[in-house]
Each structure stands twice: as structure tokens, then as C-alpha cells.
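Raw contents of work-v2.cif, mmCIF, C-alpha atoms (C1' of nucleotides):
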data_my_file
#
loop_
_atom_site.label_atom_id
_atom_site.label_comp_id
_atom_site.auth_asym_id
_atom_site.auth_seq_id
_atom_site.Cartn_x
_atom_site.Cartn_y
_atom_site.Cartn_z
CA MET A 19 93.91 138.74 -1.48
CA SER A 20 90.31 138.52 -0.38
CA LYS A 21 89.27 140.98 2.28
CA LEU A 22 87.68 138.10 4.07
CA LYS A 23 90.91 136.20 4.56
CA VAL A 24 92.91 138.99 6.07
CA ASP A 25 89.96 139.86 8.28
CA ILE A 26 89.84 136.33 9.56
CA ILE A 27 93.55 136.36 10.24
CA ALA A 28 93.30 139.67 12.10
CA GLU A 29 90.44 138.45 14.23
CA ASN A 30 92.26 135.26 15.07
CA LEU A 31 95.42 137.12 16.05
CA LEU A 32 93.37 139.49 18.20
CA ALA A 33 91.81 136.51 19.95
CA ILE A 34 95.07 134.61 20.38
CA HIS A 35 97.01 137.57 21.74
CA PRO A 36 95.33 137.86 25.18
CA LEU A 37 95.38 134.09 25.62
CA LEU A 38 99.14 133.99 25.17
CA TYR A 39 99.53 137.06 27.33
CA LYS A 40 97.63 135.32 30.06
CA SER A 41 99.35 131.97 29.83
CA ILE A 42 102.88 133.17 29.16
CA SER A 43 103.53 136.65 30.48
CA LYS A 44 101.56 136.33 33.69
CA PRO A 45 102.71 132.95 35.04
CA LEU A 46 106.26 133.94 34.20
CA LYS A 47 106.51 136.49 36.96
CA ASN A 48 105.46 134.11 39.66
CA LYS A 49 108.29 131.74 38.90
CA SER A 50 111.28 133.91 38.13
CA SER A 51 112.67 137.39 38.36
CA ILE A 52 112.51 137.78 34.60
CA THR A 53 110.05 140.43 33.46
CA PRO A 54 108.03 139.94 30.26
CA GLY A 55 110.28 142.43 28.49
CA GLY A 56 113.37 140.58 29.65
CA MET A 57 111.82 137.34 28.47
CA PHE A 58 111.18 138.81 25.03
CA VAL A 59 114.77 139.97 24.79
CA MET A 60 116.13 136.61 25.87
CA GLY A 61 113.82 134.87 23.42
CA ILE A 62 115.07 136.73 20.39
CA LEU A 63 118.64 136.39 21.58
CA LYS A 64 118.15 132.65 21.78
CA ARG A 65 116.67 132.49 18.30
CA ASN A 66 118.96 135.00 16.61
CA GLY A 67 122.17 134.71 18.57
CA MET A 68 124.12 137.90 19.23
CA LEU A 69 122.26 141.14 18.54
CA SER A 70 123.09 144.80 18.90
CA MET A 71 121.03 147.04 21.17
CA SER A 72 119.40 148.61 18.12
CA ASP A 73 118.62 145.21 16.60
CA ILE A 74 116.83 144.24 19.78
CA GLY A 75 114.85 147.46 19.78
CA ASN A 76 113.89 146.96 16.16
CA CYS A 77 112.92 143.34 16.60
CA LEU A 78 110.66 144.13 19.54
CA SER A 79 109.60 147.66 18.59
CA MET A 80 111.09 148.98 21.79
CA PRO A 81 112.61 152.42 22.16
CA LYS A 82 116.34 152.22 22.76
CA PRO A 83 116.26 153.58 26.31
CA HIS A 84 113.85 150.83 27.21
CA VAL A 85 116.19 148.24 25.75
CA THR A 86 119.00 149.67 27.86
CA VAL A 87 116.94 149.37 31.02
CA ILE A 88 115.94 145.77 30.29
CA VAL A 89 119.45 144.71 29.29
CA ASP A 90 120.88 146.40 32.41
CA ARG A 91 118.65 144.22 34.55
CA LEU A 92 119.47 141.08 32.59
CA ILE A 93 123.16 141.83 33.01
CA GLU A 94 122.72 142.35 36.75
CA GLU A 95 121.28 138.86 36.92
CA GLU A 96 124.01 137.56 34.60
CA TYR A 97 121.54 136.41 31.99
CA VAL A 98 123.19 138.29 29.12
CA GLU A 99 126.48 140.03 28.45
CA ARG A 100 127.69 143.08 26.58
CA GLN A 101 130.46 142.97 24.02
CA HIS A 102 131.73 145.94 22.08
CA ASP A 103 131.84 145.29 18.37
CA PRO A 104 135.52 145.38 17.34
CA LYS A 105 134.63 146.57 13.84
CA ASP A 106 132.46 149.47 15.00
CA ARG A 107 133.07 150.39 18.58
CA ARG A 108 129.83 152.32 18.85
CA ILE A 109 127.91 149.06 18.60
CA VAL A 110 127.21 147.03 21.72
CA ASN A 111 126.41 143.40 21.05
CA ILE A 112 124.31 141.41 23.49
CA SER A 113 124.36 137.67 23.87
CA LEU A 114 122.86 135.10 26.20
CA THR A 115 125.08 133.64 28.90
CA ALA A 116 124.99 129.97 29.83
CA LYS A 117 123.04 130.92 32.94
CA GLY A 118 120.61 132.98 30.86
CA LEU A 119 120.03 130.12 28.48
CA ALA A 120 119.53 127.68 31.34
CA ASP A 121 117.03 129.89 33.17
CA PHE A 122 115.21 130.67 29.95
CA GLU A 123 114.84 126.96 29.34
CA GLU A 124 113.61 126.54 32.89
CA VAL A 125 110.90 129.14 32.39
CA LYS A 126 109.99 127.37 29.17
CA GLU A 127 109.75 124.13 31.12
CA ASP A 128 107.23 125.75 33.44
CA LEU A 129 105.19 126.72 30.42
CA VAL A 130 105.47 123.14 29.15
CA ILE A 131 104.23 121.78 32.47
CA ASN A 132 101.37 124.25 32.48
CA LEU A 133 100.51 123.44 28.88
CA LYS A 134 100.66 119.72 29.53
CA SER A 135 97.94 119.97 32.14
CA LYS A 136 95.76 121.73 29.57
CA LEU A 137 96.63 119.60 26.57
CA VAL A 138 95.37 116.42 28.21
CA MET A 139 91.90 117.75 27.45
CA LEU A 140 92.65 117.47 23.75
CA SER A 141 92.54 114.45 21.50
CA ASP A 142 95.72 113.26 19.82
CA GLU A 143 94.47 114.74 16.58
CA GLN A 144 93.88 118.13 18.19
CA GLN A 145 97.31 118.08 19.77
CA GLU A 146 98.86 117.30 16.46
CA ALA A 147 96.80 120.06 14.87
CA LEU A 148 97.94 122.58 17.49
CA SER A 149 101.53 121.54 17.01
CA LEU A 150 101.33 121.99 13.26
CA ALA A 151 99.25 125.16 13.37
CA SER A 152 101.54 126.85 15.89
CA GLN A 153 104.56 125.84 13.86
CA GLN A 154 103.08 127.31 10.70
CA MET A 155 101.96 130.46 12.42
CA LYS A 156 105.36 130.93 13.99
CA GLU A 157 107.18 130.55 10.72
CA ILE A 158 104.88 132.80 8.75
CA LEU A 159 104.67 135.48 11.43
CA ILE A 160 108.42 135.51 11.83
CA SER A 161 108.84 135.89 8.10
CA ILE A 162 106.49 138.85 7.86
CA LEU A 163 106.81 140.52 11.25
CA SER A 164 110.21 140.02 12.74
CA ILE A 165 112.71 141.74 10.53
CA GLU A 166 112.01 145.40 10.38
CA LYS A 167 115.03 147.59 10.68
CA ASN A 168 113.58 150.64 9.04
CA LYS A 169 111.84 152.18 12.02
CA GLU A 170 113.62 154.78 14.07
CA TYR A 171 113.74 154.65 17.84
CA MET B 8 101.62 112.76 24.71
CA SER B 9 105.15 112.86 23.48
CA LYS B 10 107.43 115.24 25.28
CA LEU B 11 108.58 116.42 21.91
CA LYS B 12 105.17 117.64 20.82
CA VAL B 13 104.40 119.76 23.84
CA ASP B 14 107.91 121.16 23.71
CA ILE B 15 107.40 122.20 20.14
CA ILE B 16 104.10 123.82 21.00
CA ALA B 17 105.65 125.69 23.92
CA GLU B 18 108.52 126.94 21.81
CA ASN B 19 106.16 128.08 19.10
CA LEU B 20 103.93 129.94 21.55
CA LEU B 21 106.97 131.58 23.12
CA ALA B 22 108.05 132.75 19.67
CA ILE B 23 104.62 133.92 18.58
CA HIS B 24 103.87 135.85 21.74
CA PRO B 25 106.34 138.75 21.26
CA LEU B 26 105.42 139.01 17.60
CA LEU B 27 101.78 139.55 18.44
CA TYR B 28 102.72 141.87 21.27
CA LYS B 29 104.71 143.94 18.86
CA SER B 30 102.19 144.02 16.05
CA ILE B 31 99.03 144.36 18.10
CA SER B 32 99.62 145.94 21.50
CA LYS B 33 102.14 148.52 20.39
CA PRO B 34 100.54 149.97 17.25
CA LEU B 35 97.29 150.12 19.18
CA LYS B 36 98.42 152.91 21.43
CA ASN B 37 99.52 155.11 18.60
CA LYS B 38 96.10 155.02 17.03
CA SER B 39 93.67 155.17 19.92
CA SER B 40 93.32 155.92 23.59
CA ILE B 41 92.65 152.27 24.31
CA THR B 42 95.32 150.63 26.44
CA PRO B 43 96.31 146.99 25.87
CA GLY B 44 94.37 146.02 28.97
CA GLY B 45 91.32 147.88 27.73
CA MET B 46 91.66 146.17 24.38
CA PHE B 47 91.78 142.76 26.03
CA VAL B 48 88.65 143.53 28.01
CA MET B 49 86.80 144.79 24.94
CA GLY B 50 87.93 141.73 23.01
CA ILE B 51 86.47 139.23 25.42
CA LEU B 52 83.33 141.33 25.79
CA LYS B 53 82.90 141.21 22.04
CA ARG B 54 83.39 137.46 21.92
CA ASN B 55 81.45 136.57 25.06
CA GLY B 56 78.85 139.31 25.32
CA MET B 57 77.99 140.58 28.79
CA LEU B 58 80.37 139.56 31.56
CA SER B 59 80.62 140.30 35.26
CA MET B 60 83.67 142.03 36.70
CA SER B 61 84.85 138.73 38.16
CA ASP B 62 84.34 136.92 34.88
CA ILE B 63 86.56 139.47 33.16
CA GLY B 64 89.22 139.09 35.82
CA ASN B 65 89.11 135.32 35.51
CA CYS B 66 89.21 135.33 31.72
CA LEU B 67 92.24 137.59 31.64
CA SER B 68 93.91 136.57 34.91
CA MET B 69 93.60 140.10 36.18
CA PRO B 70 93.13 141.01 39.83
CA LYS B 71 89.73 142.55 40.43
CA PRO B 72 90.99 146.02 41.34
CA HIS B 73 92.79 146.14 38.02
CA VAL B 74 89.59 145.22 36.22
CA THR B 75 87.84 148.06 38.02
CA VAL B 76 90.50 150.54 36.90
CA ILE B 77 90.34 149.42 33.29
CA VAL B 78 86.54 149.33 33.19
CA ASP B 79 86.39 152.79 34.80
CA ARG B 80 88.49 154.15 31.95
CA LEU B 81 86.45 152.35 29.30
CA ILE B 82 83.28 153.78 30.84
CA GLU B 83 84.75 157.29 30.83
CA GLU B 84 85.27 156.91 27.10
CA GLU B 85 81.82 155.36 26.73
CA TYR B 86 83.19 152.11 25.33
CA VAL B 87 81.41 149.87 27.86
CA GLU B 88 78.59 150.18 30.37
CA ARG B 89 77.75 148.82 33.80
CA GLN B 90 74.51 147.09 34.63
CA HIS B 91 73.59 145.71 38.00
CA ASP B 92 72.41 142.13 37.83
CA PRO B 93 68.74 142.11 38.89
CA LYS B 94 69.02 138.56 40.23
CA ASP B 95 72.05 139.26 42.41
CA ARG B 96 72.60 142.92 43.01
CA ARG B 97 76.20 142.42 44.07
CA ILE B 98 77.10 141.49 40.53
CA VAL B 99 78.00 144.20 38.05
CA ASN B 100 77.69 143.17 34.43
CA ILE B 101 79.74 144.89 31.76
CA SER B 102 78.86 145.09 28.10
CA LEU B 103 80.20 146.83 25.01
CA THR B 104 78.41 149.97 23.83
CA ALA B 105 77.81 150.67 20.15
CA LYS B 106 80.64 153.18 20.29
CA GLY B 107 82.90 150.63 21.94
CA LEU B 108 82.16 148.06 19.30
CA ALA B 109 82.71 150.58 16.51
CA ASP B 110 86.06 151.76 17.87
CA PHE B 111 87.15 148.21 18.56
CA GLU B 112 86.41 147.37 14.95
CA GLU B 113 88.34 150.42 13.87
CA VAL B 114 91.40 149.31 15.78
CA LYS B 115 90.98 145.92 14.19
CA GLU B 116 90.84 147.61 10.79
CA ASP B 117 94.19 149.23 11.51
CA LEU B 118 95.60 145.81 12.25
CA VAL B 119 94.08 144.54 9.02
CA ILE B 120 95.69 147.35 7.04
CA ASN B 121 99.01 146.69 8.72
CA LEU B 122 98.71 142.97 8.11
CA LYS B 123 97.74 143.48 4.49
CA SER B 124 100.97 145.29 3.78
CA LYS B 125 102.86 142.33 5.22
CA LEU B 126 100.78 139.57 3.70
CA VAL B 127 101.54 140.67 0.15
CA MET B 128 104.94 139.09 0.71
CA LEU B 129 103.27 135.72 1.03
CA SER B 130 102.05 133.37 -1.65
CA ASP B 131 98.36 132.53 -1.85
CA GLU B 132 99.14 129.15 -0.35
CA GLN B 133 100.95 130.72 2.58
CA GLN B 134 98.11 133.14 3.18
CA GLU B 135 95.67 130.30 3.18
CA ALA B 136 97.94 128.38 5.53
CA LEU B 137 98.14 131.32 7.94
CA SER B 138 94.40 131.74 7.86
CA LEU B 139 93.80 128.09 8.67
CA ALA B 140 96.60 127.82 11.21
CA SER B 141 95.50 130.92 13.11
CA GLN B 142 91.91 129.68 13.08
CA GLN B 143 92.93 126.32 14.48
CA MET B 144 95.21 127.86 17.06
CA LYS B 145 92.51 130.26 18.17
CA GLU B 146 89.92 127.54 18.60
CA ILE B 147 92.20 125.15 20.43
CA LEU B 148 93.73 127.80 22.67
CA ILE B 149 90.32 129.16 23.55
CA SER B 150 89.14 125.69 24.42
CA ILE B 151 92.05 124.99 26.75
CA LEU B 152 92.97 128.42 28.07
CA SER B 153 90.01 130.72 28.22
CA ILE B 154 87.54 129.30 30.71
CA GLU B 155 89.10 129.14 34.09
CA LYS B 156 86.88 130.29 36.88
CA ASN B 157 88.62 128.42 39.65
CA LYS B 158 91.35 130.91 40.40
CA GLU B 159 90.83 133.43 43.14
CA TYR B 160 91.50 137.09 42.65
"C1'" DT C 1 68.95 137.38 63.51
"C1'" DA C 2 73.84 137.04 63.72
"C1'" DT C 3 77.60 135.59 60.98
"C1'" DA C 4 80.01 134.30 57.04
"C1'" DA C 5 80.79 134.47 52.23
"C1'" DT C 6 80.68 136.81 47.78
"C1'" DG C 7 81.15 140.64 44.33
"C1'" DG C 8 82.99 144.76 43.80
"C1'" DT C 9 85.22 149.25 44.95
"C1'" DT C 10 88.58 152.33 47.11
"C1'" DA C 11 93.04 153.57 48.49
"C1'" DC C 12 97.59 152.92 48.27
"C1'" DA C 13 102.10 151.33 46.70
"C1'" DA C 14 105.41 149.37 43.64
"C1'" DA C 15 107.10 147.50 39.36
"C1'" DA C 16 107.19 147.76 34.44
"C1'" DA C 17 106.59 149.87 30.07
"C1'" DT C 18 106.75 153.98 27.38
"C1'" DA C 19 108.42 158.37 25.63
"C1'" DT C 20 111.44 162.33 25.13
"C1'" DA C 21 115.41 165.13 25.50
"C1'" DA C 22 120.07 165.72 26.36
"C1'" DC C 23 124.27 163.65 26.30
"C1'" DT C 24 128.87 160.75 25.11
"C1'" DA C 25 131.54 158.11 22.02
"C1'" DT C 26 132.50 156.59 17.62
"C1'" DT C 27 132.25 156.58 12.70
"C1'" DA C 28 131.16 158.75 8.22
"C1'" DT C 29 131.05 162.69 5.28
"C1'" DT C 30 132.43 167.04 3.47
"C1'" DA D 30 139.80 169.21 10.21
"C1'" DA D 31 135.08 170.32 10.85
"C1'" DT D 32 130.57 168.60 10.67
"C1'" DA D 33 127.04 165.32 10.47
"C1'" DA D 34 125.26 160.90 11.43
"C1'" DT D 35 124.96 156.70 14.18
"C1'" DA D 36 124.85 153.71 18.47
"C1'" DG D 37 123.99 153.79 22.86
"C1'" DT D 38 123.35 155.74 27.65
"C1'" DT D 39 121.51 158.80 31.20
"C1'" DA D 40 117.99 161.32 33.20
"C1'" DT D 41 113.35 162.22 33.82
"C1'" DA D 42 108.43 161.85 33.68
"C1'" DT D 43 104.17 159.56 32.60
"C1'" DT D 44 101.21 155.71 31.93
"C1'" DT D 45 100.03 151.10 32.66
"C1'" DT D 46 100.13 147.05 35.11
"C1'" DT D 47 100.21 144.57 39.25
"C1'" DG D 48 99.39 143.60 44.11
"C1'" DT D 49 97.50 144.10 48.80
"C1'" DA D 50 94.57 145.53 52.39
"C1'" DA D 51 90.55 147.61 53.96
"C1'" DC D 52 86.05 148.47 53.02
"C1'" DC D 53 80.78 148.45 51.49
"C1'" DA D 54 76.73 146.14 49.78
"C1'" DT D 55 74.38 142.11 49.03
"C1'" DT D 56 73.43 137.34 49.53
"C1'" DA D 57 73.91 132.85 51.84
"C1'" DT D 58 74.29 130.25 55.95
"C1'" DA D 59 74.07 128.93 60.67
#
Whole structure, C-alpha cells version:
Amino acid sequence: MSKLKVDIIAENLLAIHPLLYKSISKPLKNKSSITPGGMFVMGILKRNGMLSMSDIGNCLSMPKPHVTVIVDRLIEEEYVERQHDPKDRRIVNISLTAKGLADFEEVKEDLVINLKSKLVMLSDEQQEALSLASQQMKEILISILSIEKNKEY
Amino acid sequence: MSKLKVDIIAENLLAIHPLLYKSISKPLKNKSSITPGGMFVMGILKRNGMLSMSDIGNCLSMPKPHVTVIVDRLIEEEYVERQHDPKDRRIVNISLTAKGLADFEEVKEDLVINLKSKLVMLSDEQQEALSLASQQMKEILISILSIEKNKEY
DNA sequence: TATAATGGTTACAAAAATATAACTATTATT
DNA sequence: AATAATAGTTATATTTTTGTAACCATTATA
């Protein structure tokens, strides 16, 4: 791989990161009681279905006590629920509730509304390009970044 | 614009956000004394050159007192410097120092090294696709998300 | 010149993220 | 059966982020 290519990718990711932080994490708090961390947890639960506490920590690189705190809050608000794994009773599996899914979708809708007001500035071609580029980035990033169960927390 | 397209974009951004958070913000702290906020500030300073305190706050949707705190820390570590605007002495302009630029690049290098170890799992075509997709995403997101001086902080 | 507006800082408080150590319960290993 | 390893929680402390109100200095306005 050329040094140039990976450098370009790194620079792009570094530039994209604060933009997403600004347009996703920040507006989120004004509209709901879900914290960014809680949103991350709900997001991976939506994409992956039921996950253990450790899985969540590994997916998001969060220390386990932090996962506990976040999940505790999500449970208080009835966004997720705990289920002991019948095969290994040490494991606690977390899954989205119907309410959690609904409110997650609602937050996503807010993002959609916000995005819509910005996307009108783009041509049809640019919108299509953003759609395709984000799709590709998502798929590739998920494939290389999301599954990492080797780290210890 | 079709509802479908903006929905896809929103979902992709929501999925990409935690991945970047995990692979950029988190490893950052292990390697340097720069906080995520400080990294964001240095990033926009590198891309935009000299910026006023308010500009920084607007670019990153940060309240001004928070910008002051972050810039104070960056100044302590000699990563940025203050300069009073001679035309309007209320304005304080912030710019990267040579040390700041060097350490920012070093953090970026860490990301590059980390990315490299992941990218080997991808085919040449996929690497090229990620490079192009991230470039497109960066440019489009910057064009629609980055300049927003209307908000009050 | 008096007043308002702007850019920024200071002081303070609260929420969230992060990290570590000690602990319980359960399962695996010897 | 005793011990070690694993999954998760509890407790605690620190750092970072976020928000608000009061304030100073400078510039613009009336």
C-alpha cells in the first residue's frame, strides 16, 4: 500500500470526525435524554442485536464499568433490557426495547431533518455521491474497525 | 430529494460516528496529552490557519468558555499561541505553533500506523474505494457542515 | 459622551467519560 | 474439591465536556 493513500485516508478521517461530532453528538443532547455514550450503545445494539456487556465494551472500546453505568441509565429509561444468558449465567445480554428502538429512530429523524436542511445546498449528483461515499465508508470501516474482541477492559 | 437517500446518509453517518470516535478520540489519549477537544481545535487550526476564539467556537459548536479552557491548555503545552487582532483589539486570534503542528502530525502518524494494520485486510480496490469515499465525504461534509457563524454562543 | 453591542475571560456548577481497584457470581481447570 | 479464570458490578476519583452568569475591554451606535 502506498504511504500516500493511507495518509490521505487518515487525514480525511481526522477531518470528518469533528464534523460528525458536531452534527450528531451535540444536537442529540438538546432533543433527548440520551447521552452520546448511550446513543453509541443503542446504535450497535440496533445493528448487532443482542450483545453482552463485554461485547459492547469491546465494540466501543469502553471499559466495562463505563458500560455498566451507561446501560444502567438506559435501563432506567427503559431503552434496553438485561437478560441473563441461560448457557453461561455470568453473561448479561443487553437488547433494545421497543421504546428504545422507537426513540432511537426519533433521534435519527432529528438528524435527518437537520441533514435535509443542509443537503438542499448540494446538487443531485453531490447528494448521490455523499450517499454512496458514506455507504462505502460505513461498510469498510465496520469491516476493519468494529470487531475487536482481543482487547482487555 | 428522496426521503430514502437522506435516510441512508443519516444511518451511515450514525454508524460511522462511533467507529471514528473509537479509533481516533480514544487512542489519542493514550499517546499524548492532547484531549479530544484540543485535537479538534488543532485540526481546524491546521486546516483554516489563524482563527479567532469565536470562530473556533462556531466551527466546533463549542461554547466560548469551553474554547477558552481548551486553548488555555494548548497554550500551556505550547501547541498554539494567542495574538491580539491589531484591527479590533477585542479579538484574540489563535494559531498553531511549530510544536503544535509537529505533535499534531505525530498523533496523525499514530492513526496512520493503526490504520495501516487494519487496511492490510482490504484489497487494493477496497483501499482505493475507502480513499475516494473518505475524500468525497470530507469535502461534502465540510461544505455543508463546517461554516456556520450564525449560532450564538 | 453616554449607551449598547461584541469578543473574550473568569468563576462556578453539573453532567459525562475515563480509569482503577476491590468485589461477587459463575464457569473452567487442575 | 481447590484454584484459577471470566463476566459483570460497585465504589471511588479524576478528567473532560458542557452550561450559565457575571464581568472586563474594546468597538459601534445613538
Given a cut-off of 8 Å, which residues of chain B touch chain A, counting only C-alpha atoms, written out as a ChimeraX atom specification? /B:8,12-31,33,47,50,67-68,115,118-119,122-123,125-126,128,131,133-145,147-149,151-153
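Selection by the PyMOL selection byres ((chain A) within 8 of (chain D)) on the present file picks out Met71, Ser72, Lys82, Pro83, Thr86, Arg108, Ile109 and Val110 of chain A.
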Using all atoms listed in the file, find the one residue out of A:Gly118, A:Pro81, A:Pro104, A:Gly67 that sits nearest to chain C. A:Pro81
Quote the spacing between atom CA of A:Val98 and atom C1' of C:DA15 in Å to one decimal place. 21.2 Å
Using only C-alpha atoms (C1' of nucleotides), what table do you get, as JSON lines, when you list each residue of chain C with an atom no more than 10 Å from chain A, its nearest pair of atoms, and their distance in Å rounded to one decimal, rows by chain then rising number?
{"residue": "C:DA15", "atom": "C1'", "partner": "A:Thr53", "partner_atom": "CA", "distance": 9.7}
{"residue": "C:DA16", "atom": "C1'", "partner": "A:Thr53", "partner_atom": "CA", "distance": 7.9}
{"residue": "C:DA17", "atom": "C1'", "partner": "A:His84", "partner_atom": "CA", "distance": 7.9}
{"residue": "C:DT18", "atom": "C1'", "partner": "A:His84", "partner_atom": "CA", "distance": 7.8}
{"residue": "C:DA19", "atom": "C1'", "partner": "A:Pro81", "partner_atom": "CA", "distance": 8.1}
{"residue": "C:DA25", "atom": "C1'", "partner": "A:Arg108", "partner_atom": "CA", "distance": 6.8}
{"residue": "C:DT26", "atom": "C1'", "partner": "A:Arg108", "partner_atom": "CA", "distance": 5.2}
{"residue": "C:DT27", "atom": "C1'", "partner": "A:Asp106", "partner_atom": "CA", "distance": 7.5}
Rounded to one decimal place, report the atom CA of B:Leu108-atom CA of B:Lys53 distance in Å. 7.4 Å
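The interatomic distance for the pair atom CA of A:Val125 and atom C1' of C:DA14 works out to 23.8 Å.
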